[in-house]
Each structure stands twice: as structure tokens, then as C-alpha cells.
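Participant: Below is a structure I'd like to ask you about.
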Amino acid sequence: MTNDLRNEEPSPRPKTTIMDLETIRKYCLSLPHVTERVQWGNDLLFCIGNKMFAVAGLDAKYPTKLSFKCTPEKFAELVEMEGIIPAPYVARYHWVALEDLNALPQKELKALLKNAYQLVHDKLPKKVRDGLGKK
């Protein structure tokens, strides 16, 4: 008997720890100066300096569960993955949408959310960045 694995299909990417909406919410709110608000009926927005970096759909009927900003390179990579699509209305700004919160492992999703936060933070006007946390 041989242990020849060359002809086997590659195993799917492990989805170690599952993220749910509450875990995502706690993580986003743990980032400095993040605020949340409900807008457009049932969307939970996570913002830095009043600019959103992630949006969670609160209605279970929504086809997408979570959207966030990413780099153009990461956008191209992510939309090739199962369960991730260009985000409706904002794809031109390099936003992706998860059709399932399990589309990415927790560690990777947290890193992407932190990157989304940083991308938006870094584009804030200097006056707004300097004013963060001074209220």
C-alpha cells in the first residue's frame, strides 16, 4: 500500500473558527474610534470618522451578510473565491460582499476588516484624523 497523494483533489481551505454577526460587531468596535449605526433600514454600519469601512446586513433575507473595503489587488483575489462577490453599489470602490459569514476563516476575516478600517482611516482628512478621540 502506498501513500501516494498526488492524484487526490486538494482539500478545501479549512474554516477554523466561524464568525457570527456579534463576533464581527465586537471585533470592529474594538478598533480605535469605531462607531456603529443602523442605516438604510437593516444595515449595521461600522465607521471611522463617519466614513464606513464595513457593513453588516441585519436581515437574514439579505443575499449578502457582510461587505467591506479592500485593496484593488485583494478585491480581485477575493471575488474569485466561492461565497464572495463584488459588493452591490460599491464594488467600483473595491468593496466585496460575503454571501456567507463562513466564506473566510476568522483570522483572515479579522485581518481584512482591520485592513478595511486602516484604508478608510488613512483617507480621512487630516483634520478629521487629528480630531478622533477628542470628543
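All residue names refer to the C-alpha cells as shown: chains lettered A, B, ... in order, residues numbered from 1 in each chain, ligands numbered from 1 in order.
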Check the DSSP output for the backbone and give back, as a PDB file with N, CA and C atoms, in the first residue's frame, the residues of region 68-104 of chain A in strand (DSSP E or B).
Facilitator:
ATOM      1  N   PHE A  68     -17.180  44.881   2.935  1.00  0.00           N
ATOM      2  CA  PHE A  68     -16.086  45.699   3.451  1.00  0.00           C
ATOM      3  C   PHE A  68     -15.168  46.135   2.323  1.00  0.00           C
ATOM      4  N   LYS A  69     -14.416  47.186   2.592  1.00  0.00           N
ATOM      5  CA  LYS A  69     -13.480  47.763   1.636  1.00  0.00           C
ATOM      6  C   LYS A  69     -12.190  46.949   1.640  1.00  0.00           C
ATOM      7  N   ILE A  84     -17.985  34.876  -2.187  1.00  0.00           N
ATOM      8  CA  ILE A  84     -17.583  36.285  -2.109  1.00  0.00           C
ATOM      9  C   ILE A  84     -17.831  36.920  -3.479  1.00  0.00           C
ATOM     10  N   ILE A  85     -18.538  38.042  -3.473  1.00  0.00           N
ATOM     11  CA  ILE A  85     -18.889  38.723  -4.722  1.00  0.00           C
ATOM     12  C   ILE A  85     -18.525  40.206  -4.618  1.00  0.00           C
ATOM     13  N   PRO A  86     -18.477  40.897  -5.761  1.00  0.00           N
ATOM     14  CA  PRO A  86     -18.347  42.353  -5.694  1.00  0.00           C
ATOM     15  C   PRO A  86     -19.569  42.919  -4.965  1.00  0.00           C
ATOM     16  N   TRP A  95     -15.092  47.219  -2.847  1.00  0.00           N
ATOM     17  CA  TRP A  95     -15.783  46.595  -1.728  1.00  0.00           C
ATOM     18  C   TRP A  95     -16.218  45.202  -2.164  1.00  0.00           C
ATOM     19  N   VAL A  96     -16.046  44.235  -1.263  1.00  0.00           N
ATOM     20  CA  VAL A  96     -16.524  42.877  -1.513  1.00  0.00           C
ATOM     21  C   VAL A  96     -17.660  42.571  -0.555  1.00  0.00           C
ATOM     22  N   ALA A  97     -18.460  41.570  -0.891  1.00  0.00           N
ATOM     23  CA  ALA A  97     -19.576  41.152  -0.049  1.00  0.00           C
ATOM     24  C   ALA A  97     -19.493  39.640   0.159  1.00  0.00           C
ATOM     25  N   LEU A  98     -19.669  39.231   1.403  1.00  0.00           N
ATOM     26  CA  LEU A  98     -19.709  37.812   1.735  1.00  0.00           C
ATOM     27  C   LEU A  98     -21.155  37.346   1.680  1.00  0.00           C
TER      28      LEU A  98
END
Participant: If you run DSSP on the backbone, which residues of region 9-94 of chain A are alpha helix (DSSP H), as a list in words?
Facilitator: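 Taking region 9-94 of chain A and keeping alpha helix (DSSP H) gives Leu21, Glu22, Thr23, Ile24, Arg25, Lys26, Tyr27, Cys28, Leu29, Ser30, Pro72, Glu73, Lys74, Phe75, Ala76, Glu77 and Leu78 of chain A.
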Participant: Please write the residues from the selection above to a file, keeping C-alpha atoms, as a PDB file, in the first residue's frame.
Facilitator:
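Result saved to out.pdb:
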ATOM      1  CA  LEU A  21     -22.519  38.864  13.488  1.00  0.00           C
ATOM      2  CA  GLU A  22     -21.941  39.504  17.188  1.00  0.00           C
ATOM      3  CA  THR A  23     -18.287  38.430  16.955  1.00  0.00           C
ATOM      4  CA  ILE A  24     -17.806  40.703  13.941  1.00  0.00           C
ATOM      5  CA  ARG A  25     -19.502  43.554  15.787  1.00  0.00           C
ATOM      6  CA  LYS A  26     -17.305  43.139  18.880  1.00  0.00           C
ATOM      7  CA  TYR A  27     -14.168  42.961  16.754  1.00  0.00           C
ATOM      8  CA  CYS A  28     -14.999  46.071  14.705  1.00  0.00           C
ATOM      9  CA  LEU A  29     -15.912  48.051  17.826  1.00  0.00           C
ATOM     10  CA  SER A  30     -12.598  47.046  19.416  1.00  0.00           C
ATOM     11  CA  PRO A  72      -7.724  46.563  -5.622  1.00  0.00           C
ATOM     12  CA  GLU A  73      -5.400  43.530  -5.530  1.00  0.00           C
ATOM     13  CA  LYS A  74      -7.266  41.864  -2.666  1.00  0.00           C
ATOM     14  CA  PHE A  75     -10.598  42.668  -4.328  1.00  0.00           C
ATOM     15  CA  ALA A  76      -9.512  40.782  -7.481  1.00  0.00           C
ATOM     16  CA  GLU A  77      -8.347  37.833  -5.373  1.00  0.00           C
ATOM     17  CA  LEU A  78     -11.400  37.640  -3.108  1.00  0.00           C
TER      18      LEU A  78
END
Participant: Between CA of Met81 (chain A) and CA of Leu104 (chain A), what is the distance in Å, rounded to a tenth?
Facilitator: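 So the answer is 9.3 Å.
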Participant: In Å, how far is it from CA of His121 (chain A) to CA of Thr35 (chain A)?
Facilitator: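 These two atoms are separated by 12.6 Å.
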Participant: Calculated over only C-alpha atoms, which of the candidates A:His33, A:Tyr62, A:Ala116, A:Gly83 has the smallest distance to Ile48 (chain A)?
Facilitator: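 Between A:His33, A:Tyr62, A:Ala116, A:Gly83, the residue approaching Ile48 (chain A) most closely is A:His33.
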Participant: Near Met19 (chain A), within 8 Å and counting only C-alpha atoms, which residues show up once chain neighbours fewer than 6 positions away are dropped, as a ChimeraX atom specification?
Facilitator: /A:101-102,105-106
Participant: Would you put the residues from that selection into a file with C-alpha atoms, as an mmCIF file, in the first residue's frame?
Facilitator:
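The resulting file, result19.cif, is shown below:
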data_model
loop_
_atom_site.group_PDB
_atom_site.id
_atom_site.type_symbol
_atom_site.label_atom_id
_atom_site.label_comp_id
_atom_site.auth_asym_id
_atom_site.auth_seq_id
_atom_site.Cartn_x
_atom_site.Cartn_y
_atom_site.Cartn_z
ATOM 1 C CA LEU A 101 -20.061 34.596 7.015
ATOM 2 C CA ASN A 102 -18.212 31.280 6.750
ATOM 3 C CA PRO A 105 -11.680 31.769 8.288
ATOM 4 C CA GLN A 106 -11.986 34.041 11.330
#
Participant: Between A:Lys65, A:Asn42, A:Ala54, A:Gly133, single out the one closest to Val90 (chain A), counting only C-alpha atoms.
Facilitator: A:Ala54
Participant: What is the distance between CA of Asp20 (chain A) and CA of Asp100 (chain A), in Å to one decimal?
Facilitator: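 These two atoms are separated by 9.9 Å.
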Participant: Between A:Leu132, A:Leu124, A:Ala111, A:Ala60, which residue has the minimum interatomic distance to Glu99 (chain A), considering only C-alpha atoms?
Facilitator: A:Ala60
